[in-house]
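Engineer: Before anything else, here's the structure in question.
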Amino acid sequence: MAQTMSGARILMECLQREGVEVIFGYPGGVTLPLYDAMYEGEIRHILVRHEENACFMASGYARATGKVGVACATSGPGATNLTTGLVDCMMDSIPVVALTGQVSSKLIGSDAFQEADTFGITRSATKHNYLVKDIRDLAAVIHEAFYIASSGRPGPVLVDITKDVLQGQAHYAPVHAIHLPGYKLVTEGHAGQIRRAAQMMWEASRPFVYAGGGIIASGAHEELRELVETLDAPAVLTLMGLGALPAEHPNFISMPGMHGSYAANMGMYECDLLIALGVRFDDRVTGRLASFAPHAKVIHVDIDPAEIGKNRAADLPIVGDAKKVLSRIVKSLKEAAPQMRPLREQDRREWWQQIRAWKEEHPLKPVFSADEIKPQHLMVEIDRLCGGDAIVSVDVGQHQMWAAQFIRFNRPRTWLSSSGLGSMGFGLPAAIGAQVAHPDALVVAVVGDGGFQMAMPEISTMANQGLPVKVVIMNNGYLGMVRQWQDLFYQNRLSAVQIEAFPNIEKLADAYGIKGRIVDKPAELRSALEDAFRHPGPVLLDVRVSPFENVYPMVPAGAAINEMVLAPPKPVEVPA
Amino acid sequence: MLMTISLLMENKPGALMRVTGLLSQRGYNIESLTVSRTLDPTLSRMTICVDVEPRLRPLLIKQMNRLVNVLQAHDLTEAPAVIREMVLVHVRVSQENRTAILKEAEIFGARVVDSSVGGFALEASGDPEKLEEFIAVMQTYGEIEVTRSGLVAVSLEPRKLKLAPPIPKAHSESEPAHTR
């Protein structure tokens with residue numbers, strides 16, 4: 001049933017076949033034919049204010065739904081602006097398809113207006129990328145892009161399409177099969193390894209679950225809960241994994257790593273079996289690798305074979321999809337449970353006693369003050385209002401760590417954080433993407449005063465689309481995390497970290513026709529947040545917090561995770 | 001330490017860039033690289049010689065295999081394989097040395113591919129170390145120009161090539177969108 005249509009039309013056709021509901025984009029010269037094809041409005045288009053944010057919105061949308069997010073930009077600057085967002089998706093394994101226009105194939109290589117080597121520039125920023133110069137390739141490439149983005153270890157795929165392809169005419173027939181001979185996916189997991197894993201888990205006296213983004217990507221949160229419960233093992237979730245196990249689950253400890261809790265890091269240090277599920281042993285988790293979990297055997301489950309043994313050798317590697325692998329491990333565990341559980345009872349009692357002791361010794365404790373709003377106080381209040389159920393996006397820095405420490409997440413896909421790349425300016429656009437996906441959900445962007453100013457153009461998008469995102473700015477007047485490191489490691493020589501001339505948020509919000517408020521008194525914080533969260537439209541809330549608070553506990557860079565700094569150093573008493 | 005990689009990939013624009021990009025983004029220096037079509041013209045075979053810390057070799061192979069266009073990458077550094085190289089040497093030579101050079105060439109199994117009053121162009125192939133010696137010997141006769149092909153390798157182990165099967169395209173809409 002072939003019929004002749006334009007490349008732009010074929011592209012729209014393919015997007016609809018992929019079930020795309022929304023495109024975050026910004027038009028330009030070479031994408032004119034595409035935007036003309038969008039005129040019919042079959043797919044919703046959200047006009048962003050900067051292409052980087054189009055990619056962050058697509059990322060937020062993908063993180064909040066598990067579906068492929070779509071970003072669109074023109075050639076040259078449009079495409080280069082997307083790049084940070086692509087690397088963010090790459091680092092966090094987020095499925096996004098980016099569509100960029102390219103100058104006509106005749107002009108490629110001639111330094112034409114708005115020409116950039118998008119294909120070359122985004123080679124290492126994507127899981128895979130394409131340059132389409134022949135209209136006959138277009139349909140297959142689009143479907144391949146969606147398949148690659150969403151399968152295996154998800155990631156961003158960019159398709160660069162020349163203007164003549166978008167404008168040209170060709171016969172279009174739906175694509176019925178994709179041929180990617182080199183794209184081999186291992187999803188099932190080796191049966192023998194799975195059996196051995198279950199056996200090792202029952203044999204360990206101090207098992208410890210270390211789970212991450214792979215659980216969320218594969219939708220394995222139920223299987224994870226069953227595993228943890230069957231084994232009665234303590235569990236930590238990485239920054240990418242928060243929500244994979246309900247925060248209120250009795251076996252959940254906290255996030256581990258640089259700003260993880262004492263119990264989480266000591267548990268990792270002292271365990272005899274580390275059950276690593278959909279994680280990549282990031283340096284922010286492991287600290288000094290040579291002293292990471294030194295007594296533990298490691299079971300490592302990951303869908304990406306290249307992750308196995310990358311940072312820490314695995315005693316038992318399993319390559320496969322977390323959901324499939326875990327469900328079979330759980331089955332094996334349960335089969336052996338009647339026999340094994342009584343044997344492990346004593347061990348578990350002692351292990352949990354130890355973990356509880358660590359928790360009590362150094363709990364994650366918020367700081368309060370009657371005179372100024374402490375940043376931890378802000379997070380506790382946000383948590384109280386969200387009740388573990390809202391979608392919270394963050395930027396990068398101190399507020400991100402406090403949010404991860406004090407805001408609970410009971411469901412997967414409710415915590416959106418640029419974790420691997422650590423890209424400031426992510427929080428607001430990601431929240432917009434999530435709110436587009438879930439129009440009725442409470443979506444809170446918790447951002448710093450630094451990151452907020454990187455994303456400010458998108459206030460306009462939020463106001464324009466009437467997206468009721470609650471933007472809570474933790475305003476300490478500094479680039480707080482950099483200041484903290486200058487404080488701790490550079491003799492407090494504060495260099496280029498103070499942000500002066502922060503705009504008056506009430507006037508700013510007013511200028512965009514939305515609600516805005518400044519809060520600086522601890523006594524007003526709760527009601528201000530309640531008012532903001534109750535408000536039906538978008539809100540900007542500028543919360544003035546104490547400027548010199550540092551995030552603790554902290555594993556200094558290069559230290560081992562059992563060498564945590566638990567609290568600010570006490571002033572040294574000088575003997576008289 | 002030098003590592004020899006043999007890699008089978010789709011013969012597509014950009015495929016080479018993905019492989020070399022993987023190496024350059026890690027700061028590895030490529031000593032030599034050869035690439036050419038295979039019996040199946042849709043595929044290319046590449047032999048790469050690159051300086052890599054031995055403990056990182058398995059990881060690099062896995063990361064290459066992760067590339068969508070790569071069908072198979074394997075490490076031939078310590079595996080049974082034949083590794084050869086070709087060299088073209090143009091040697092300028094005086095009349096009295098012509099016979100001597102031809103004798104030397106014969107010892108190394110080199111062929112004369114061009115002969116002129118100015119000298120010879122010689123073609124030799126074989127083990128890279130042997131070629132080093134050949135070049136060194138030729139240098140003793142005067143000024144030479146050398147072009148080396150880089151390593152080409154063939155594995156002596158049977159390797160099963162596993163390919164991903166075609167993926168049927170399940171469309172989210174049963175009705176084609178354009179008929180709605």
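For the structure tokens, the naming scheme is as follows: chains receive sequential letters (A, B, ...) according to their order of presentation, residues are indexed from 1 within each chain, and ligands are indexed from 1 in presentation order.
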With a cut-off of 6 Å, could you pull out the residues of chain B touching chain A and give me the nearest pair of atoms for each, distance in Å to one decimal, using only C-alpha atoms, ordered by chain and ascending number, as JSON lines?

Structural biologist:
```
{"residue": "B:Lys62", "atom": "CA", "partner": "A:Ala306", "partner_atom": "CA", "distance": 5.0}
{"residue": "B:Gln63", "atom": "CA", "partner": "A:Ala306", "partner_atom": "CA", "distance": 5.7}
{"residue": "B:Val68", "atom": "CA", "partner": "A:Tyr183", "partner_atom": "CA", "distance": 5.0}
{"residue": "B:Asn69", "atom": "CA", "partner": "A:Gly182", "partner_atom": "CA", "distance": 5.5}
{"residue": "B:Val70", "atom": "CA", "partner": "A:Gly182", "partner_atom": "CA", "distance": 5.2}
{"residue": "B:Leu71", "atom": "CA", "partner": "A:Gly182", "partner_atom": "CA", "distance": 4.1}
{"residue": "B:Leu163", "atom": "CA", "partner": "A:Pro181", "partner_atom": "CA", "distance": 4.9}
{"residue": "B:Ala164", "atom": "CA", "partner": "A:Pro181", "partner_atom": "CA", "distance": 4.5}
{"residue": "B:Pro166", "atom": "CA", "partner": "A:His179", "partner_atom": "CA", "distance": 4.7}
{"residue": "B:Ile167", "atom": "CA", "partner": "A:Ile178", "partner_atom": "CA", "distance": 5.0}
{"residue": "B:Pro168", "atom": "CA", "partner": "A:Ala177", "partner_atom": "CA", "distance": 4.2}
{"residue": "B:Lys169", "atom": "CA", "partner": "A:His176", "partner_atom": "CA", "distance": 4.9}
{"residue": "B:His171", "atom": "CA", "partner": "A:Arg17", "partner_atom": "CA", "distance": 5.4}
{"residue": "B:Ser172", "atom": "CA", "partner": "A:Arg17", "partner_atom": "CA", "distance": 5.5}
```

Engineer: Could those selected residues go to a file with all heavy atoms, as a compact mmCIF listing (two decimals), in the first residue's frame?

Structural biologist:
```txt
# COMPACT_ATOMS: atom_id res chain seq x y z
N LYS B 62 34.77 -5.44 24.70
CA LYS B 62 33.33 -5.39 25.01
C LYS B 62 32.72 -4.07 24.54
O LYS B 62 31.61 -4.03 24.02
CB LYS B 62 33.11 -5.58 26.51
CG LYS B 62 33.31 -7.02 26.95
CD LYS B 62 32.72 -7.29 28.31
CE LYS B 62 33.73 -7.07 29.40
NZ LYS B 62 33.24 -7.54 30.72
N GLN B 63 33.48 -2.99 24.73
CA GLN B 63 32.94 -1.70 24.31
C GLN B 63 32.85 -1.60 22.79
O GLN B 63 31.94 -0.97 22.25
CB GLN B 63 33.80 -0.56 24.89
CG GLN B 63 33.53 -0.42 26.38
CD GLN B 63 34.52 0.49 27.10
OE1 GLN B 63 35.65 0.66 26.67
NE2 GLN B 63 34.09 1.06 28.21
N VAL B 68 26.76 -0.47 17.59
CA VAL B 68 25.66 -1.05 16.82
C VAL B 68 26.13 -1.62 15.48
O VAL B 68 25.66 -2.65 15.03
CB VAL B 68 24.53 -0.01 16.63
CG1 VAL B 68 23.46 -0.51 15.69
CG2 VAL B 68 23.92 0.37 17.98
N ASN B 69 27.09 -0.95 14.82
CA ASN B 69 27.55 -1.40 13.51
C ASN B 69 28.58 -2.53 13.56
O ASN B 69 28.95 -3.07 12.53
CB ASN B 69 28.20 -0.23 12.74
CG ASN B 69 27.20 0.84 12.35
OD1 ASN B 69 27.52 2.01 12.34
ND2 ASN B 69 25.98 0.44 12.06
N VAL B 70 29.06 -2.85 14.77
CA VAL B 70 30.10 -3.87 14.89
C VAL B 70 29.45 -5.25 15.07
O VAL B 70 28.67 -5.46 15.98
CB VAL B 70 31.06 -3.56 16.05
CG1 VAL B 70 32.00 -4.74 16.31
CG2 VAL B 70 31.87 -2.31 15.74
N LEU B 71 29.80 -6.17 14.17
CA LEU B 71 29.23 -7.51 14.26
C LEU B 71 30.05 -8.38 15.20
O LEU B 71 29.50 -9.23 15.90
CB LEU B 71 29.21 -8.16 12.86
CG LEU B 71 27.93 -7.92 12.05
CD1 LEU B 71 27.60 -6.45 11.95
CD2 LEU B 71 28.07 -8.50 10.66
N LEU B 163 24.66 -13.30 14.74
CA LEU B 163 24.04 -12.06 14.28
C LEU B 163 22.67 -11.92 14.91
O LEU B 163 21.98 -12.90 15.17
CB LEU B 163 23.89 -12.07 12.76
CG LEU B 163 25.20 -12.14 11.97
CD1 LEU B 163 24.91 -12.09 10.48
CD2 LEU B 163 26.14 -11.00 12.37
N ALA B 164 22.30 -10.67 15.16
CA ALA B 164 20.97 -10.43 15.69
C ALA B 164 19.96 -10.68 14.57
O ALA B 164 20.16 -10.24 13.45
CB ALA B 164 20.87 -9.01 16.20
N PRO B 166 16.43 -10.32 12.36
CA PRO B 166 15.58 -9.16 12.08
C PRO B 166 14.51 -9.01 13.15
O PRO B 166 14.02 -10.02 13.68
CB PRO B 166 14.94 -9.49 10.73
CG PRO B 166 15.77 -10.57 10.14
CD PRO B 166 16.40 -11.31 11.28
N ILE B 167 14.19 -7.78 13.48
CA ILE B 167 13.19 -7.54 14.51
C ILE B 167 11.89 -7.15 13.83
O ILE B 167 11.82 -6.14 13.12
CB ILE B 167 13.62 -6.40 15.45
CG1 ILE B 167 14.98 -6.72 16.05
CG2 ILE B 167 12.61 -6.16 16.56
CD1 ILE B 167 16.09 -5.84 15.54
N PRO B 168 10.85 -7.96 13.99
CA PRO B 168 9.57 -7.58 13.38
C PRO B 168 9.09 -6.28 14.01
O PRO B 168 9.24 -6.06 15.21
CB PRO B 168 8.63 -8.74 13.72
CG PRO B 168 9.37 -9.63 14.65
CD PRO B 168 10.76 -9.15 14.82
N LYS B 169 8.56 -5.41 13.19
CA LYS B 169 8.15 -4.10 13.67
C LYS B 169 6.69 -4.17 14.09
O LYS B 169 5.80 -4.24 13.26
CB LYS B 169 8.35 -3.10 12.53
CG LYS B 169 8.17 -1.65 12.89
CD LYS B 169 9.27 -1.16 13.79
CE LYS B 169 8.71 -0.18 14.78
NZ LYS B 169 9.17 -0.36 16.13
N HIS B 171 3.68 -2.30 15.26
CA HIS B 171 3.26 -0.89 15.26
C HIS B 171 2.25 -0.65 16.36
O HIS B 171 1.43 -1.49 16.67
CB HIS B 171 2.69 -0.51 13.90
CG HIS B 171 3.73 -0.54 12.83
ND1 HIS B 171 4.68 0.41 12.73
CD2 HIS B 171 3.98 -1.45 11.86
CE1 HIS B 171 5.48 0.12 11.70
NE2 HIS B 171 5.09 -1.01 11.17
N SER B 172 2.36 0.54 16.93
CA SER B 172 1.48 0.84 18.06
C SER B 172 0.03 1.00 17.59
O SER B 172 -0.90 0.83 18.34
CB SER B 172 1.95 2.09 18.79
OG SER B 172 1.82 3.19 17.93
```

Engineer: Please identify all polymer residues within 9 Å of Val236 in chain A, counting only C-alpha atoms, omitting same-chain residues fewer than 2 positions from it, and present them as a compact mmCIF listing (two decimals) with N, CA, C and O atoms, in the first residue's frame.

Structural biologist:
```txt
# COMPACT_ATOMS: atom_id res chain seq x y z
N PHE A 208 24.22 -7.95 50.93
CA PHE A 208 23.88 -6.53 50.87
C PHE A 208 23.50 -6.19 49.43
O PHE A 208 24.26 -6.46 48.50
N VAL A 209 22.32 -5.64 49.27
CA VAL A 209 21.83 -5.34 47.92
C VAL A 209 22.17 -3.90 47.55
O VAL A 209 21.90 -2.97 48.32
N TYR A 210 22.77 -3.74 46.39
CA TYR A 210 23.19 -2.43 45.86
C TYR A 210 22.53 -2.31 44.49
O TYR A 210 22.97 -2.93 43.53
N ALA A 211 21.40 -1.59 44.43
CA ALA A 211 20.60 -1.57 43.20
C ALA A 211 20.53 -0.16 42.64
O ALA A 211 20.62 0.82 43.37
N GLY A 212 20.35 -0.09 41.33
CA GLY A 212 20.40 1.23 40.70
C GLY A 212 19.43 1.41 39.56
O GLY A 212 18.39 0.75 39.48
N PRO A 234 19.57 -6.18 53.71
CA PRO A 234 19.51 -4.72 53.64
C PRO A 234 19.80 -4.26 52.21
O PRO A 234 20.52 -4.93 51.49
N THR A 238 21.08 3.55 44.54
CA THR A 238 21.92 4.65 44.07
C THR A 238 21.05 5.85 43.73
O THR A 238 19.82 5.77 43.69
N GLY A 241 18.71 5.03 41.32
CA GLY A 241 17.79 3.95 41.67
C GLY A 241 16.71 4.34 42.66
O GLY A 241 15.82 3.52 42.96
N LEU A 242 16.77 5.57 43.18
CA LEU A 242 15.79 5.96 44.22
C LEU A 242 14.37 5.75 43.70
O LEU A 242 14.04 6.17 42.59
N LEU A 245 12.84 0.80 45.25
CA LEU A 245 12.30 0.11 46.41
C LEU A 245 11.61 1.22 47.21
O LEU A 245 12.15 2.31 47.29
N ASN A 251 13.62 -2.75 54.69
CA ASN A 251 14.96 -3.19 54.32
C ASN A 251 15.78 -2.11 53.62
O ASN A 251 16.97 -2.28 53.39
N PHE A 252 15.11 -1.01 53.27
CA PHE A 252 15.81 0.06 52.57
C PHE A 252 16.58 0.92 53.56
O PHE A 252 16.05 1.35 54.58
N ILE A 253 17.84 1.16 53.25
CA ILE A 253 18.65 1.96 54.16
C ILE A 253 18.70 3.41 53.70
O ILE A 253 18.17 4.31 54.34
N SER A 254 19.34 3.65 52.57
CA SER A 254 19.41 5.01 52.02
C SER A 254 20.19 4.91 50.73
O SER A 254 20.49 3.83 50.26
N MET A 255 20.58 6.06 50.22
CA MET A 255 21.52 6.12 49.11
C MET A 255 22.91 5.85 49.70
O MET A 255 23.20 6.29 50.81
N PRO A 256 23.78 5.15 48.96
CA PRO A 256 25.15 4.98 49.44
C PRO A 256 26.06 6.04 48.81
O PRO A 256 25.59 6.87 48.03
N ALA A 264 24.62 2.92 55.24
CA ALA A 264 24.69 2.43 53.86
C ALA A 264 26.13 2.12 53.48
O ALA A 264 26.43 1.06 52.93
N MET A 268 28.05 -1.59 53.06
CA MET A 268 28.77 -1.99 51.84
C MET A 268 30.19 -2.42 52.19
O MET A 268 30.72 -3.35 51.60
```

Engineer: Could you give me, as a PyMOL selection string, each residue of range 9-172 of chain B that DSSP assigns to strand (DSSP E or B) when run on this structure's backbone?

Structural biologist: chain B and resi 9-10+30-37+43-51+70-75+81-92+111-116+119-126+144-148+152-155+167-168

Engineer: Using only C-alpha atoms, please write the residues we just selected to a file, as a short mmCIF file (atom, residue, chain, number, x, y, z; two decimals), in the first residue's frame.

Structural biologist:
```
data_model
loop_
_atom_site.label_atom_id
_atom_site.label_comp_id
_atom_site.auth_asym_id
_atom_site.auth_seq_id
_atom_site.Cartn_x
_atom_site.Cartn_y
_atom_site.Cartn_z
CA MET B 9 31.51 -4.42 10.93
CA GLU B 10 28.84 -3.14 8.64
CA ILE B 30 46.44 3.78 16.92
CA GLU B 31 49.66 2.25 15.60
CA SER B 32 48.07 0.90 12.48
CA LEU B 33 44.65 0.32 11.03
CA THR B 34 43.57 -1.45 7.89
CA VAL B 35 40.05 -1.77 6.64
CA SER B 36 38.52 -3.34 3.59
CA ARG B 37 35.43 -5.01 2.27
CA LEU B 43 30.64 -5.88 5.61
CA SER B 44 34.16 -4.63 6.32
CA ARG B 45 37.03 -6.30 8.12
CA MET B 46 39.30 -4.12 10.16
CA THR B 47 42.62 -4.92 11.81
CA ILE B 48 43.70 -2.46 14.44
CA CYS B 49 47.00 -2.33 16.24
CA VAL B 50 46.74 -0.07 19.27
CA ASP B 51 48.66 0.64 22.45
CA VAL B 70 30.10 -3.87 14.89
CA LEU B 71 29.23 -7.51 14.26
CA GLN B 72 32.21 -9.00 16.04
CA ALA B 73 35.37 -7.70 17.65
CA HIS B 74 38.04 -9.92 19.07
CA ASP B 75 41.45 -9.67 20.58
CA ALA B 81 46.33 -15.89 14.33
CA VAL B 82 48.41 -15.04 11.31
CA ILE B 83 49.45 -11.42 11.38
CA ARG B 84 51.15 -9.96 8.32
CA GLU B 85 52.05 -6.65 6.85
CA MET B 86 53.05 -5.37 3.45
CA VAL B 87 55.68 -2.75 2.73
CA LEU B 88 56.55 -0.83 -0.42
CA VAL B 89 60.10 0.45 -0.54
CA HIS B 90 61.42 2.77 -3.18
CA VAL B 91 65.17 2.67 -3.13
CA ARG B 92 67.40 4.99 -5.13
CA ARG B 111 59.41 -8.58 -5.45
CA VAL B 112 60.50 -5.87 -7.80
CA VAL B 113 57.36 -3.98 -8.79
CA ASP B 114 59.10 -1.16 -10.62
CA SER B 115 62.52 -0.73 -12.06
CA SER B 116 64.02 2.44 -13.50
CA GLY B 119 66.27 2.59 -8.64
CA PHE B 120 63.68 0.01 -7.69
CA ALA B 121 60.31 -0.17 -6.08
CA LEU B 122 60.17 -3.32 -3.99
CA GLU B 123 57.21 -5.03 -2.42
CA ALA B 124 57.63 -7.25 0.59
CA SER B 125 55.14 -8.83 2.90
CA GLY B 126 55.36 -10.95 5.96
CA ILE B 144 64.65 5.05 0.66
CA GLU B 145 60.96 5.82 0.86
CA VAL B 146 58.78 3.42 2.81
CA THR B 147 55.04 2.90 2.96
CA ARG B 148 53.70 0.21 5.25
CA VAL B 152 46.33 -7.46 8.53
CA ALA B 153 45.35 -10.45 10.59
CA VAL B 154 43.33 -13.58 10.24
CA SER B 155 42.27 -15.64 13.21
CA ILE B 167 13.19 -7.54 14.51
CA PRO B 168 9.57 -7.58 13.38
#
```

Engineer: Give me, please, the distance in Å between CA of Glu115 in chain A and CA of Pro77 in chain A, quoted to one decimal.

Structural biologist: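 Atom-to-atom, CA of Glu115 in chain A and CA of Pro77 in chain A are spaced 8.3 Å apart.
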
Engineer: Please identify all polymer residues within 8 Å of Val472 in chain A, counting only C-alpha atoms, omitting same-chain residues fewer than 2 positions from it, and present them as a count of residues only.

Structural biologist: 10

Engineer: Excluding Pro468 in chain A and any residue of its chain fewer than 6 positions from it, enumerate the residues within 9 Å of it, using only C-alpha atoms, and give them as a list in words.

Structural biologist: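 Counting only the stated atoms, we get Ile432, Gln435, Pro439, Asp440, Leu442, Val443, Met462, His535, Pro536, Gly537, Pro538 and Val539 of chain A.
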
Engineer: Write out as a list of chain:residue names the residues lying within 10 Å of Thr83 in chain A, counting only C-alpha atoms and excluding same-chain residues fewer than 3 positions away.

Structural biologist: A:Glu51, A:Glu52, A:Cys55, A:Gly78, A:Ala79, A:Thr80, A:Leu86, A:Val87, A:Asp88, A:Cys89, A:Ala98, A:Thr118, A:Ile121, A:Thr122, A:Ser124, A:Ala125, A:Thr126, A:Leu158

Engineer: When you look at Ala136 in chain B with a cut-off of 12 Å (counting only C-alpha atoms), what residues show up, excluding the ones that are within fewer than 3 positions of it in the same chain? I need them as a list in words.

Structural biologist: Val89, Val91, Glu104, Phe108, Glu129, Lys130, Leu131, Glu132, Glu133, Gln139, Thr140, Tyr141, Gly142, Glu143, Ile144, Glu145 and Val146 of chain B

Engineer: Taking the backbone alone, and naming residues the way the document does, which bits of range 2-139 of chain B are helix (DSSP H, G or I) by DSSP, as number ranges by chain?

Structural biologist: B: 15-24, 54-65, 95-107, 128-139

Engineer: Can you pull out every residue within 12 Å of Leu343 in chain A, counting only C-alpha atoms, but drop anything in the same chain fewer than 5 positions away, and send it as a ChimeraX atom specification?

Structural biologist: /A:202-205,231,336-338,348-349

Engineer: Write out the residues from the selection above, keeping N, CA and C atoms, as a tab-separated table (two decimals), in the first residue's frame.

Structural biologist:
```tsv
chain	number	residue	atom	x	y	z
A	202	TRP	N	22.08	-17.34	49.45
A	202	TRP	CA	21.69	-18.05	50.68
A	202	TRP	C	22.90	-18.40	51.54
A	203	GLU	N	24.05	-18.57	50.87
A	203	GLU	CA	25.24	-18.95	51.64
A	203	GLU	C	25.87	-17.79	52.39
A	204	ALA	N	25.62	-16.58	51.91
A	204	ALA	CA	26.26	-15.41	52.52
A	204	ALA	C	25.68	-15.14	53.90
A	205	SER	N	26.53	-14.71	54.82
A	205	SER	CA	25.97	-14.35	56.13
A	205	SER	C	25.64	-12.86	56.19
A	231	LEU	N	15.27	-12.74	50.97
A	231	LEU	CA	16.59	-12.90	51.57
A	231	LEU	C	16.71	-12.17	52.89
A	336	ALA	N	14.60	-22.61	47.66
A	336	ALA	CA	15.54	-23.05	48.70
A	336	ALA	C	15.20	-22.47	50.07
A	337	ALA	N	14.23	-21.55	50.11
A	337	ALA	CA	13.96	-20.82	51.36
A	337	ALA	C	13.62	-21.71	52.55
A	338	PRO	N	12.72	-22.68	52.37
A	338	PRO	CA	12.34	-23.48	53.56
A	338	PRO	C	13.56	-24.15	54.21
A	348	ARG	N	21.36	-13.36	60.06
A	348	ARG	CA	20.57	-12.18	59.70
A	348	ARG	C	20.30	-11.32	60.92
A	349	ARG	N	20.01	-11.99	62.03
A	349	ARG	CA	19.72	-11.23	63.24
A	349	ARG	C	20.93	-10.37	63.60
```
